[in-house]
$ cat my_file.cif   # mmCIF, C-alpha atoms and all ligand atoms
data_target
loop_
_atom_site.label_atom_id
_atom_site.label_comp_id
_atom_site.auth_asym_id
_atom_site.auth_seq_id
_atom_site.Cartn_x
_atom_site.Cartn_y
_atom_site.Cartn_z
CA MET A 434 -8.35 -18.93 -11.83
CA ASN A 435 -9.51 -17.37 -15.07
CA GLY A 436 -12.51 -15.21 -15.88
CA ILE A 437 -15.07 -14.74 -13.12
CA MET A 438 -13.62 -15.49 -9.70
CA ASP A 439 -15.24 -18.09 -7.49
CA ILE A 440 -15.96 -15.74 -4.58
CA SER A 441 -17.57 -18.41 -2.41
CA ALA A 442 -14.42 -20.52 -2.65
CA VAL A 443 -12.28 -17.47 -1.88
CA ARG A 444 -14.45 -16.52 1.12
CA ASN A 445 -14.21 -20.03 2.44
CA ASP A 446 -10.42 -19.65 2.64
CA PHE A 447 -10.71 -16.84 5.20
CA PRO A 448 -11.31 -18.05 8.79
CA ILE A 449 -12.83 -14.75 9.94
CA LEU A 450 -15.41 -14.92 7.15
CA ARG A 451 -16.32 -18.47 8.13
CA LYS A 452 -16.87 -17.29 11.71
CA THR A 453 -18.65 -13.96 11.37
CA GLU A 454 -21.61 -12.55 9.55
CA GLY A 455 -19.90 -9.15 9.52
CA VAL A 456 -19.12 -7.21 6.36
CA TYR A 457 -15.49 -6.12 6.21
CA LEU A 458 -15.08 -3.01 4.07
CA ASP A 459 -11.80 -1.70 5.47
CA SER A 460 -9.24 -3.56 3.38
CA ALA A 461 -7.53 -0.33 2.33
CA CYS A 462 -6.37 -0.23 5.94
CA GLN A 463 -5.51 -3.87 6.36
CA SER A 464 -6.74 -6.94 4.52
CA LEU A 465 -8.04 -10.17 6.00
CA ARG A 466 -5.80 -13.25 5.77
CA PRO A 467 -6.50 -16.67 4.27
CA ASP A 468 -5.72 -20.01 5.96
CA SER A 469 -2.54 -20.48 3.93
CA VAL A 470 -1.01 -17.26 5.29
CA ILE A 471 -1.95 -18.08 8.88
CA LYS A 472 -0.57 -21.59 8.39
CA ALA A 473 2.73 -20.25 7.05
CA ILE A 474 3.03 -17.93 10.06
CA SER A 475 2.35 -20.68 12.59
CA GLU A 476 4.53 -23.20 10.74
CA TYR A 477 7.47 -20.91 11.37
CA TYR A 478 6.79 -20.88 15.12
CA GLU A 479 5.98 -24.58 15.28
CA ASP A 480 8.57 -26.08 12.94
CA PHE A 481 11.60 -23.80 12.56
CA PRO A 482 11.47 -20.97 15.12
CA SER A 483 15.07 -19.81 14.77
CA CYS A 484 17.02 -17.02 13.10
CA GLY A 485 18.04 -16.80 9.47
CA GLY A 486 21.36 -16.03 7.83
CA ARG A 487 23.51 -16.61 10.90
CA SER A 488 23.62 -20.17 12.22
CA VAL A 489 24.65 -23.31 10.34
CA TYR A 490 22.25 -25.87 11.83
CA GLY A 491 19.40 -27.22 9.75
CA MET A 492 16.54 -25.39 11.46
CA SER A 493 18.21 -22.04 10.85
CA ALA A 494 18.99 -23.00 7.25
CA LYS A 495 15.25 -23.51 6.75
CA VAL A 496 14.63 -19.89 7.86
CA SER A 497 17.23 -18.65 5.37
CA LEU A 498 15.63 -20.78 2.67
CA VAL A 499 12.14 -19.38 3.30
CA THR A 500 13.58 -15.86 3.34
CA ASP A 501 15.27 -16.44 -0.03
CA GLU A 502 12.13 -18.04 -1.45
CA THR A 503 10.03 -15.05 -0.39
CA ARG A 504 12.36 -12.65 -2.19
CA GLU A 505 12.25 -14.90 -5.26
CA LYS A 506 8.45 -14.96 -5.15
CA ALA A 507 8.34 -11.16 -4.83
CA ALA A 508 10.68 -10.73 -7.82
CA GLU A 509 8.51 -13.04 -9.92
CA PHE A 510 5.25 -11.49 -8.70
CA PHE A 511 6.37 -7.97 -9.63
CA GLY A 512 7.95 -8.90 -12.97
CA THR A 513 11.60 -8.38 -12.08
CA ASP A 514 14.65 -10.64 -12.31
CA ASP A 515 16.70 -10.01 -9.21
CA PRO A 516 15.32 -11.15 -5.82
CA ASP A 517 18.03 -9.11 -4.09
CA CYS A 518 16.22 -5.94 -5.13
CA TYR A 519 13.56 -6.61 -2.45
CA ILE A 520 14.04 -5.47 1.14
CA PHE A 521 11.78 -6.62 3.95
CA THR A 522 10.33 -3.72 5.90
CA LYS A 523 7.74 -3.47 8.63
CA ASN A 524 5.37 -1.48 6.45
CA CYS A 525 5.18 0.83 3.46
CA THR A 526 6.06 3.80 5.67
CA GLU A 527 9.38 2.27 6.62
CA GLY A 528 10.22 1.68 2.96
CA ILE A 529 9.54 5.34 2.15
CA ASN A 530 11.63 6.49 5.12
CA THR A 531 14.44 4.18 4.02
CA VAL A 532 14.61 6.09 0.75
CA ALA A 533 14.03 9.53 2.33
CA ARG A 534 16.86 9.02 4.82
CA GLY A 535 19.02 6.93 2.51
CA ILE A 536 19.52 9.23 -0.47
CA LYS A 537 22.41 11.62 0.09
CA PHE A 538 20.45 14.77 -0.80
CA ARG A 539 22.30 18.01 -1.39
CA LYS A 540 21.19 21.50 -0.41
CA GLY A 541 19.03 23.05 -3.14
CA GLU A 542 17.76 19.73 -4.50
CA ALA A 543 14.00 19.24 -4.60
CA VAL A 544 11.52 16.45 -3.88
CA VAL A 545 8.24 16.46 -5.80
CA THR A 546 5.11 14.82 -4.38
CA THR A 547 1.39 15.41 -5.00
CA ASP A 548 -1.24 17.17 -2.89
CA THR A 549 -3.10 13.89 -2.30
CA GLU A 550 -0.42 11.85 -0.56
CA HIS A 551 -0.91 9.77 2.56
CA ASN A 552 1.04 11.21 5.50
CA SER A 553 3.48 8.34 5.10
CA ASN A 554 4.58 9.88 1.83
CA HIS A 555 4.26 13.46 3.04
CA VAL A 556 5.69 13.78 6.55
CA PRO A 557 9.07 12.12 5.72
CA TRP A 558 9.70 14.91 3.19
CA ILE A 559 8.78 17.64 5.67
CA VAL A 560 11.23 16.10 8.14
CA LEU A 561 13.90 15.81 5.43
CA SER A 562 13.52 19.43 4.34
CA GLU A 563 13.82 20.82 7.88
CA GLY A 564 17.27 22.33 8.14
CA SER A 565 18.71 20.44 5.13
CA GLY A 566 18.02 22.95 2.39
CA VAL A 567 16.12 20.30 0.43
CA LYS A 568 13.12 21.92 -1.25
CA ARG A 569 9.65 20.45 -1.55
CA ARG A 570 7.20 20.98 -4.37
CA TYR A 571 3.94 19.26 -5.05
CA SER A 572 1.90 18.55 -8.11
CA ARG A 573 -1.65 19.84 -7.76
CA SER A 574 -4.32 17.26 -8.58
CA ASP A 575 -7.72 18.08 -10.06
CA ASP A 576 -10.43 19.02 -7.56
CA ASP A 577 -11.75 15.45 -7.49
CA GLY A 578 -8.24 14.16 -6.72
CA GLU A 579 -7.36 12.91 -10.21
CA PHE A 580 -3.65 13.22 -10.99
CA ASN A 581 -2.93 16.03 -13.43
CA ILE A 582 0.07 15.33 -15.61
CA GLU A 583 0.29 18.88 -16.97
CA ASN A 584 0.58 20.25 -13.44
CA PHE A 585 3.18 17.60 -12.72
CA LYS A 586 5.28 18.66 -15.71
CA GLU A 587 5.11 22.27 -14.51
CA VAL A 588 6.66 21.50 -11.13
CA MET A 589 9.42 19.37 -12.60
CA GLY A 590 12.82 20.95 -13.12
CA LYS A 591 16.50 20.16 -13.21
CA ASP A 592 16.73 20.66 -9.42
CA VAL A 593 14.43 17.68 -8.75
CA ARG A 594 16.34 14.78 -7.22
CA LEU A 595 13.34 12.61 -6.42
CA VAL A 596 9.68 12.30 -7.38
CA SER A 597 7.73 10.46 -4.71
CA LEU A 598 4.07 9.75 -5.25
CA HIS A 599 1.36 7.20 -4.61
CA HIS A 600 0.29 4.71 -7.25
CA ALA A 601 -3.34 4.76 -6.05
CA SER A 602 -4.94 7.11 -3.54
CA ASN A 603 -6.38 5.68 -0.34
CA VAL A 604 -9.10 8.37 -0.40
CA THR A 605 -10.22 8.81 -3.98
CA GLY A 606 -8.89 5.54 -5.40
CA CYS A 607 -7.44 7.48 -8.36
CA VAL A 608 -4.54 5.75 -10.08
CA VAL A 609 -1.41 7.64 -11.12
CA PRO A 610 0.28 6.71 -14.46
CA ILE A 611 3.64 5.73 -12.95
CA ARG A 612 5.23 4.67 -16.26
CA ASP A 613 4.67 8.17 -17.70
CA ILE A 614 5.89 9.76 -14.47
CA ALA A 615 9.09 7.70 -14.61
CA GLU A 616 9.77 8.83 -18.16
CA ILE A 617 9.27 12.51 -17.37
CA ALA A 618 11.26 12.28 -14.13
CA HIS A 619 14.16 10.41 -15.71
CA ASP A 620 14.32 12.95 -18.55
CA ALA A 621 14.77 15.61 -15.88
CA GLY A 622 17.48 13.54 -14.18
CA ALA A 623 15.31 12.61 -11.17
CA GLU A 624 14.61 9.25 -9.56
CA VAL A 625 11.11 7.96 -8.77
CA LEU A 626 9.78 6.41 -5.58
CA VAL A 627 6.25 5.01 -5.69
CA ASP A 628 4.04 4.42 -2.68
CA GLY A 629 2.32 1.28 -3.92
CA SER A 630 0.39 0.38 -0.80
CA GLN A 631 -3.06 0.90 -2.38
CA ALA A 632 -2.29 -0.33 -5.89
CA ALA A 633 -0.21 -3.47 -5.32
CA PRO A 634 -3.10 -5.38 -3.70
CA HIS A 635 -5.43 -4.75 -6.64
CA MET A 636 -3.60 -4.80 -9.96
CA LYS A 637 -0.89 -6.66 -11.79
CA ILE A 638 2.27 -4.62 -11.44
CA ASP A 639 5.30 -5.06 -13.66
CA LEU A 640 8.08 -3.05 -12.06
CA GLU A 641 10.46 -3.74 -14.91
CA LYS A 642 8.05 -2.09 -17.36
CA ALA A 643 7.04 0.66 -14.93
CA ASP A 644 10.75 1.55 -14.75
CA VAL A 645 10.41 3.25 -11.37
CA ASP A 646 13.50 3.34 -9.16
CA TYR A 647 11.81 2.40 -5.87
CA TYR A 648 8.43 0.89 -5.02
CA SER A 649 7.30 0.57 -1.41
CA LEU A 650 4.26 -1.46 -0.37
CA SER A 651 2.37 -2.90 2.59
CA ALA A 652 2.15 -6.70 2.64
CA HIS A 653 -0.61 -6.41 5.25
CA LYS A 654 -2.88 -4.76 2.70
CA MET A 655 -2.43 -7.71 0.31
CA LEU A 656 -3.25 -10.68 2.55
CA GLY A 657 0.15 -10.67 4.27
CA PRO A 658 0.89 -10.58 7.99
CA SER A 659 0.51 -7.45 10.10
CA GLY A 660 3.61 -5.29 10.20
CA MET A 661 5.15 -6.50 6.94
CA GLY A 662 6.13 -4.51 3.90
CA LEU A 663 8.46 -4.69 0.93
CA LEU A 664 10.71 -2.09 -0.61
CA TYR A 665 11.82 -2.70 -4.18
CA GLY A 666 14.74 -0.74 -5.56
CA LYS A 667 16.78 -0.97 -8.73
CA LYS A 668 20.10 -2.53 -7.82
CA GLU A 669 22.15 0.54 -8.71
CA CYS A 670 19.85 2.71 -6.56
CA LEU A 671 19.99 0.38 -3.57
CA ASN A 672 23.77 0.17 -3.88
CA SER A 673 24.08 3.90 -3.33
CA LEU A 674 21.38 4.21 -0.63
CA ARG A 675 22.48 4.67 2.98
CA PRO A 676 20.75 2.08 5.23
CA LEU A 677 18.16 3.37 7.70
CA THR A 678 19.40 1.12 10.49
CA ALA A 679 22.84 -0.27 11.14
CA GLY A 680 23.84 -3.34 13.10
CA GLY A 681 24.24 -7.10 13.15
CA GLY A 682 23.65 -9.01 9.96
CA ALA A 683 24.03 -5.86 7.86
CA VAL A 684 27.82 -5.72 7.73
CA GLY A 685 30.62 -7.74 6.21
CA LEU A 686 33.43 -7.26 8.68
CA ALA A 687 33.50 -4.67 11.45
CA SER A 688 36.63 -3.53 13.32
CA TYR A 689 36.70 -1.08 16.23
CA ASP A 690 36.84 1.82 13.83
CA LYS A 691 35.13 0.73 10.68
CA ALA A 692 32.38 -1.48 9.30
CA ASP A 693 31.97 -2.66 5.73
CA LEU A 694 28.36 -2.82 4.70
CA ALA A 695 27.07 -6.22 3.62
CA PRO A 696 25.87 -6.50 0.01
CA VAL A 697 22.31 -5.48 -0.90
CA PRO A 698 19.77 -6.46 0.45
CA ASP A 699 21.35 -7.61 3.75
CA ARG A 700 22.74 -4.17 4.53
CA PHE A 701 19.16 -2.90 4.89
CA GLU A 702 18.05 -5.66 7.27
CA ALA A 703 20.00 -5.12 10.47
CA GLY A 704 19.05 -7.28 13.47
CA LEU A 705 16.79 -10.33 13.54
CA GLN A 706 13.90 -10.12 11.12
CA ASN A 707 10.18 -10.84 11.26
CA TYR A 708 10.65 -14.39 9.92
CA SER A 709 7.07 -15.52 10.43
CA GLY A 710 6.01 -12.34 8.60
CA ILE A 711 8.37 -13.14 5.76
CA ALA A 712 6.98 -16.69 5.51
CA GLY A 713 3.42 -15.30 5.57
CA THR A 714 4.26 -12.77 2.86
CA LYS A 715 5.32 -15.57 0.53
CA ALA A 716 2.06 -17.39 1.20
CA ALA A 717 0.10 -14.18 0.54
CA LEU A 718 1.77 -13.62 -2.83
CA GLU A 719 1.18 -17.26 -3.75
CA TYR A 720 -2.49 -16.93 -2.86
CA LEU A 721 -2.93 -13.78 -4.94
CA GLU A 722 -1.11 -15.41 -7.83
CA LYS A 723 -3.36 -18.45 -7.64
CA VAL A 724 -6.53 -16.36 -7.79
CA GLY A 725 -4.99 -14.12 -10.47
CA MET A 726 -4.33 -10.39 -10.25
CA ASP A 727 -6.29 -9.66 -13.43
CA ASP A 728 -9.36 -11.36 -11.99
CA ILE A 729 -8.88 -9.51 -8.70
CA TYR A 730 -8.72 -6.23 -10.59
CA ASP A 731 -11.91 -7.03 -12.55
CA HIS A 732 -13.67 -8.07 -9.37
CA GLY A 733 -12.76 -4.72 -7.79
CA ARG A 734 -14.22 -2.91 -10.82
CA ARG A 735 -17.48 -4.84 -10.51
CA LEU A 736 -17.79 -4.07 -6.80
CA MET A 737 -17.02 -0.37 -7.29
CA ARG A 738 -19.67 -0.10 -10.00
CA SER A 739 -22.12 -1.87 -7.76
CA ILE A 740 -21.41 0.48 -4.85
CA PHE A 741 -22.05 3.52 -7.04
CA LYS A 742 -25.21 2.01 -8.49
CA ARG A 743 -26.68 0.91 -5.18
CA THR A 744 -25.94 4.17 -3.37
CA GLU A 745 -26.91 6.62 -6.11
CA GLY A 746 -30.41 7.22 -4.74
CA ILE A 747 -29.31 7.90 -1.17
CA GLU A 748 -30.33 11.44 -0.20
CA GLY A 749 -27.48 13.74 0.76
CA LEU A 750 -24.73 11.29 -0.21
CA SER A 751 -21.75 12.73 -2.03
CA ALA A 752 -18.71 10.80 -3.19
CA VAL A 753 -15.28 12.23 -2.37
CA GLY A 754 -13.28 11.74 -5.55
CA PRO A 755 -14.34 10.88 -9.10
CA LYS A 756 -17.97 9.98 -9.73
CA ASP A 757 -16.89 7.34 -12.23
CA PRO A 758 -16.37 3.99 -10.46
CA ASP A 759 -13.88 2.92 -13.13
CA ARG A 760 -11.55 5.71 -12.09
CA ARG A 761 -11.33 4.40 -8.53
CA CYS A 762 -9.08 1.57 -7.51
CA ALA A 763 -11.00 -0.04 -4.66
CA ALA A 764 -11.95 2.74 -2.25
CA PHE A 765 -15.25 4.60 -2.05
CA SER A 766 -15.01 7.70 0.17
CA PHE A 767 -18.19 9.62 0.80
CA ASN A 768 -20.14 11.94 3.07
CA ILE A 769 -23.79 12.18 3.98
CA GLU A 770 -25.23 15.61 4.69
CA GLY A 771 -25.99 16.05 8.37
CA LEU A 772 -23.91 13.07 9.52
CA SER A 773 -20.28 13.04 10.56
CA PRO A 774 -18.10 10.29 9.04
CA HIS A 775 -17.63 8.73 12.50
CA ASP A 776 -21.41 8.72 13.06
CA ILE A 777 -21.88 6.90 9.76
CA ALA A 778 -19.21 4.31 10.61
CA MET A 779 -20.64 3.71 14.08
CA MET A 780 -24.19 3.40 12.78
CA LEU A 781 -23.22 0.85 10.14
CA ASP A 782 -21.34 -1.16 12.74
CA LYS A 783 -24.27 -1.14 15.17
CA MET A 784 -27.00 -1.62 12.55
CA ASP A 785 -25.57 -4.55 10.63
CA ASN A 786 -21.98 -5.29 11.70
CA ILE A 787 -20.56 -3.42 8.71
CA MET A 788 -16.97 -2.27 9.13
CA ILE A 789 -15.89 0.88 7.32
CA ARG A 790 -13.31 3.56 8.03
CA SER A 791 -13.97 7.19 8.94
CA GLY A 792 -11.84 10.30 9.38
CA MET A 793 -9.13 11.84 7.24
CA HIS A 794 -7.47 8.53 6.37
CA CYS A 795 -4.01 10.03 7.10
CA ALA A 796 -4.40 12.14 3.96
CA HIS A 797 -4.67 15.47 5.76
CA PRO A 798 -3.37 17.70 2.93
CA PHE A 799 -6.01 16.36 0.53
CA PHE A 800 -8.88 17.16 2.90
CA SER A 801 -7.60 20.50 4.16
CA SER A 802 -6.80 21.76 0.64
CA ARG A 803 -10.35 21.01 -0.43
CA GLY A 804 -12.06 22.28 2.71
CA ILE A 805 -13.49 18.85 3.59
CA GLU A 806 -13.40 17.74 7.20
CA GLY A 807 -13.11 14.04 6.45
CA SER A 808 -15.12 11.20 4.99
CA ALA A 809 -16.43 7.72 5.54
CA ARG A 810 -14.69 5.11 3.39
CA ALA A 811 -15.72 1.66 2.22
CA SER A 812 -12.93 -0.30 0.59
CA VAL A 813 -13.26 -3.68 -1.07
CA TYR A 814 -11.09 -6.69 -1.79
CA LEU A 815 -11.25 -10.09 -3.42
CA TYR A 816 -13.35 -11.66 -0.63
CA ASN A 817 -16.17 -9.10 -0.77
CA ASN A 818 -19.29 -10.08 -2.65
CA GLU A 819 -22.47 -8.52 -4.00
CA LYS A 820 -24.29 -9.34 -0.77
CA ASP A 821 -21.76 -7.26 1.18
CA ILE A 822 -22.41 -4.29 -1.07
CA GLU A 823 -26.16 -4.75 -0.84
CA ARG A 824 -26.02 -4.81 2.97
CA PHE A 825 -23.76 -1.77 3.01
CA ALA A 826 -26.01 0.25 0.71
CA THR A 827 -29.18 -0.78 2.54
CA ALA A 828 -27.82 0.18 5.96
CA LEU A 829 -26.45 3.43 4.57
CA GLY A 830 -29.82 4.29 3.04
CA LYS A 831 -31.56 3.68 6.37
CA ALA A 832 -29.01 5.75 8.30
CA ALA A 833 -29.32 8.63 5.85
CA GLU A 834 -33.10 8.51 5.93
CA ALA A 835 -33.34 8.39 9.72
CA PHE A 836 -30.58 10.82 10.67
CA GLY A 837 -29.34 12.71 7.58
CA ASN A 838 -30.25 16.29 6.65
CA ARG A 839 -32.58 15.72 3.77
C1 LIG B 901 -1.55 5.47 0.20
C2 LIG B 901 -0.94 4.93 1.48
N1 LIG B 901 0.36 5.12 1.69
C3 LIG B 901 0.96 4.65 2.80
C4 LIG B 901 0.26 3.97 3.76
C5 LIG B 901 0.97 3.47 4.97
O1 LIG B 901 1.09 2.10 4.91
P1 LIG B 901 1.78 1.29 6.09
O2 LIG B 901 0.83 1.30 7.23
O3 LIG B 901 2.03 -0.05 5.53
O4 LIG B 901 3.03 1.99 6.42
C6 LIG B 901 -1.11 3.77 3.59
C7 LIG B 901 -1.90 3.08 4.62
O5 LIG B 901 -3.10 3.13 4.66
C8 LIG B 901 -1.72 4.25 2.42
O6 LIG B 901 -3.03 4.09 2.20
#
$ encode --input "my_file.cif" --output "structure tokens" --more "lines below"
Ligand SMILES: Cc1ncc(COP(=O)(O)O)c(C=O)c1O
Amino acid sequence: MNGIMDISAVRNDFPILRKTEGVYLDSACQSLRPDSVIKAISEYYEDFPSCGGRSVYGMSAKVSLVTDETREKAAEFFGTDDPDCYIFTKNCTEGINTVARGIKFRKGEAVVTTDTEHNSNHVPWIVLSEGSGVKRRYSRSDDDGEFNIENFKEVMGKDVRLVSLHHASNVTGCVVPIRDIAEIAHDAGAEVLVDGSQAAPHMKIDLEKADVDYYSLSAHKMLGPSGMGLLYGKKECLNSLRPLTAGGGAVGLASYDKADLAPVPDRFEAGLQNYSGIAGTKAALEYLEKVGMDDIYDHGRRLMRSIFKRTEGIEGLSAVGPKDPDRRCAAFSFNIEGLSPHDIAMMLDKMDNIMIRSGMHCAHPFFSSRGIEGSARASVYLYNNEKDIERFATALGKAAEAFGNR
């Protein structure tokens, strides 16, 4: 599609939206899935429910074919040439851990993150540093969560082995300039891992141009099946990374004493894989491609602006993160004076079947460093429309008026 998206047509592709009057505003956690993804998942179970890469019969060859096609689709979708640079994971967290455990860090080397990371890109580095002598430093963001490149430059140094940061925050929606980060990091001799779980669903990403060394993402936040992720790595990086798991399918030949690792990417995919998830991931990328990532991005901008506009008069409401909707990817975190985030989420659910998230969104360091106990969060995606935002803002206004501290 080009220009303004046909939201009604998009909505009609999602079975849950055909069935319910509810308003789903929790896509930053997990997106809904269109018919084509569900069909691809069930086709695997109905038509070729076997393993890939091992057996020679036709049904198994079909699994291998779909697996190869999914990698090819991913390479094309993210602007890269080599499908073998994509590893199937169960989520973004697993991709990050694959890198954290896979790099052969030396004592005294440092990992740089930011103070607004999701725990999935925070806890693996705490675990790594325990007892290994690997140092951790973080780049302090502005008070509203915006990435601060000057602070980032200050924490960089020749001891930095890896910079690992999110592309977009799941709390503030702020987007980090990963191309600039890669340049600075590479100049210092460091590699870059990007947690792309909140950006990949919403914007066109060209990994070749971004020049980052690793990019981990959640397929389930971009219309893909639950429990599916992708880890991209430059070939030379993947070649020197130690696999997180070892076992069948990930080796060339094994003797009693020794095993030769299979080439990349197989060495990272030990054991049988989530084949229906892989098939569904291909369908998800095809769907997003058909709608168009640029249109999806513009749609997100329109919805964010609308949220800000429609909620600006609500007494006691304060946004967590930048006040400018154009500086937020697709997440609107907020608090209402006198109401806890969980109260807000429960009220919206009961009042008008509106589904939002509440709590600390697994971004504990962000909240604790700013003395905020948590927030409610509405996040949007390509299937949300103006009516959703209107219902959200109306219910929020009523909740604030009835129960807030005005
Ligand atoms: C910024 C960010 N990073 C990482 C994750 C973890 O993703 P996954 O559940 O796919 O491991 C999330 C999930 O919400 C996230 O928002």
$ closest_residue --input "my_file.cif" --among "A:Ser497, A:Ile520, A:Asp613, A:Leu561" --to "Phe580 (chain A)" --atoms "all atoms listed in the file"
A:Asp613
$ residues_near_ligand --input "my_file.cif" --ligand "ligand LIG 901 (chain B)" --cutoff "7 Å" --atoms "all atoms listed in the file" --output "PDB file with C-alpha atoms, in the frame of the given file"
ATOM      1  CA  ALA A 461      -7.530  -0.330   2.330  1.00  0.00           C
ATOM      2  CA  CYS A 462      -6.370  -0.230   5.940  1.00  0.00           C
ATOM      3  CA  ASN A 524       5.370  -1.480   6.450  1.00  0.00           C
ATOM      4  CA  CYS A 525       5.180   0.830   3.460  1.00  0.00           C
ATOM      5  CA  THR A 526       6.060   3.800   5.670  1.00  0.00           C
ATOM      6  CA  GLU A 527       9.380   2.270   6.620  1.00  0.00           C
ATOM      7  CA  GLU A 550      -0.420  11.850  -0.560  1.00  0.00           C
ATOM      8  CA  HIS A 551      -0.910   9.770   2.560  1.00  0.00           C
ATOM      9  CA  SER A 553       3.480   8.340   5.100  1.00  0.00           C
ATOM     10  CA  ASN A 554       4.580   9.880   1.830  1.00  0.00           C
ATOM     11  CA  HIS A 599       1.360   7.200  -4.610  1.00  0.00           C
ATOM     12  CA  ALA A 601      -3.340   4.760  -6.050  1.00  0.00           C
ATOM     13  CA  SER A 602      -4.940   7.110  -3.540  1.00  0.00           C
ATOM     14  CA  ASN A 603      -6.380   5.680  -0.340  1.00  0.00           C
ATOM     15  CA  ASP A 628       4.040   4.420  -2.680  1.00  0.00           C
ATOM     16  CA  SER A 630       0.390   0.380  -0.800  1.00  0.00           C
ATOM     17  CA  GLN A 631      -3.060   0.900  -2.380  1.00  0.00           C
ATOM     18  CA  LEU A 650       4.260  -1.460  -0.370  1.00  0.00           C
ATOM     19  CA  SER A 651       2.370  -2.900   2.590  1.00  0.00           C
ATOM     20  CA  HIS A 653      -0.610  -6.410   5.250  1.00  0.00           C
ATOM     21  CA  GLY A 662       6.130  -4.510   3.900  1.00  0.00           C
TER      22      GLY A 662
END
$ atom_distance --input "my_file.cif" --atom1 "CA of Met793 (chain A)" --atom2 "CA of Lys831 (chain A)"
23.9 Å
$ axis_aligned_box --input "my_file.cif" --around "region 788-791 of chain A" --padding-each-side "6 Å" --output "JSON"
{"center_x": -15.1, "center_y": 2.5, "center_z": 8.2, "size_x": 15.7, "size_y": 21.5, "size_z": 13.8}
$ atom_distance --input "my_file.cif" --atom1 "CA of Phe767 (chain A)" --atom2 "CA of Ile582 (chain A)"
25.2 Å
$ atom_distance --input "my_file.cif" --atom1 "CA of Leu458 (chain A)" --atom2 "CA of Val813 (chain A)"
5.5 Å
$ residues_around --input "my_file.cif" --residues "region 744-759 of chain A" --least-positions-apart "3" --cutoff "8 Å" --atoms "only C-alpha atoms" --output "MDAnalysis selection string"
chainID A and resid 577:579 604:607 734 737:738 740:741 762 765:770 808 826 829:830 833:834 837:839
$ residues_around --input "my_file.cif" --residues "Lys568 (chain A)" --least-positions-apart "3" --cutoff "12 Å" --atoms "all atoms listed in the file" --output "ChimeraX atom specification"
/A:538-546,558-565,571,588,590,592-596
$ closest_residue --input "my_file.cif" --among "A:Asp576, A:Ile437, A:Gly713, A:Asp821" --to "Ile805 (chain A)" --atoms "all atoms listed in the file"
A:Asp576
$ closest_residue --input "my_file.cif" --among "A:Arg444, A:Lys537, A:His619, A:Arg612" --to "Glu641 (chain A)" --atoms "all atoms listed in the file"
A:Arg612
$ closest_residue --input "my_file.cif" --among "A:Gly657, A:Ile638, A:Val499, A:Ala508" --to "Gly485 (chain A)" --atoms "all atoms listed in the file"
A:Val499
$ closest_residue --input "my_file.cif" --among "A:Ser688, A:Ser574, A:Asn707, A:Thr531" --to "Val496 (chain A)" --atoms "all atoms listed in the file"
A:Asn707
$ closest_atom_pairs --input "my_file.cif" --of "region 510-590 of chain A" --to "region 670-677 of chain A" --cutoff "10 Å" --atoms "only C-alpha atoms" --output "Markdown table"
| residue | atom | partner | partner_atom | distance |
| --- | --- | --- | --- | --- |
| A:Asp517 | CA | A:Leu671 | CA | 9.7 |
| A:Cys518 | CA | A:Leu671 | CA | 7.5 |
| A:Tyr519 | CA | A:Leu671 | CA | 9.6 |
| A:Ile520 | CA | A:Leu671 | CA | 9.6 |
| A:Glu527 | CA | A:Leu677 | CA | 8.9 |
| A:Gly528 | CA | A:Leu677 | CA | 9.4 |
| A:Asn530 | CA | A:Leu677 | CA | 7.7 |
| A:Thr531 | CA | A:Leu677 | CA | 5.3 |
| A:Val532 | CA | A:Leu674 | CA | 7.2 |
| A:Ala533 | CA | A:Leu677 | CA | 9.2 |
| A:Arg534 | CA | A:Leu677 | CA | 6.5 |
| A:Gly535 | CA | A:Arg675 | CA | 4.2 |
| A:Ile536 | CA | A:Leu674 | CA | 5.4 |
| A:Lys537 | CA | A:Leu674 | CA | 7.5 |
$ closest_residue --input "my_file.cif" --among "A:Asp575, A:Glu819, A:Leu772, A:Pro634" --to "Phe836 (chain A)" --atoms "only C-alpha atoms"
A:Leu772
$ residues_around --input "my_file.cif" --residues "Lys506 (chain A)" --least-positions-apart "3" --cutoff "8 Å" --atoms "only C-alpha atoms" --output "PyMOL selection string"
chain A and resi 502-503+509-510+516+715+718-719
$ residues_near_point --input "my_file.cif" --point "(19.1, -5.7, 4.9)" --cutoff "8 Å" --atoms "only C-alpha atoms" --output "mmCIF file with C-alpha atoms, in the coordinates of the input"
data_model
loop_
_atom_site.group_PDB
_atom_site.id
_atom_site.type_symbol
_atom_site.label_atom_id
_atom_site.label_comp_id
_atom_site.auth_asym_id
_atom_site.auth_seq_id
_atom_site.Cartn_x
_atom_site.Cartn_y
_atom_site.Cartn_z
ATOM 1 C CA ILE A 520 14.040 -5.470 1.140
ATOM 2 C CA PHE A 521 11.780 -6.620 3.950
ATOM 3 C CA PRO A 676 20.750 2.080 5.230
ATOM 4 C CA GLY A 682 23.650 -9.010 9.960
ATOM 5 C CA ALA A 683 24.030 -5.860 7.860
ATOM 6 C CA VAL A 697 22.310 -5.480 -0.900
ATOM 7 C CA PRO A 698 19.770 -6.460 0.450
ATOM 8 C CA ASP A 699 21.350 -7.610 3.750
ATOM 9 C CA ARG A 700 22.740 -4.170 4.530
ATOM 10 C CA PHE A 701 19.160 -2.900 4.890
ATOM 11 C CA GLU A 702 18.050 -5.660 7.270
ATOM 12 C CA ALA A 703 20.000 -5.120 10.470
#
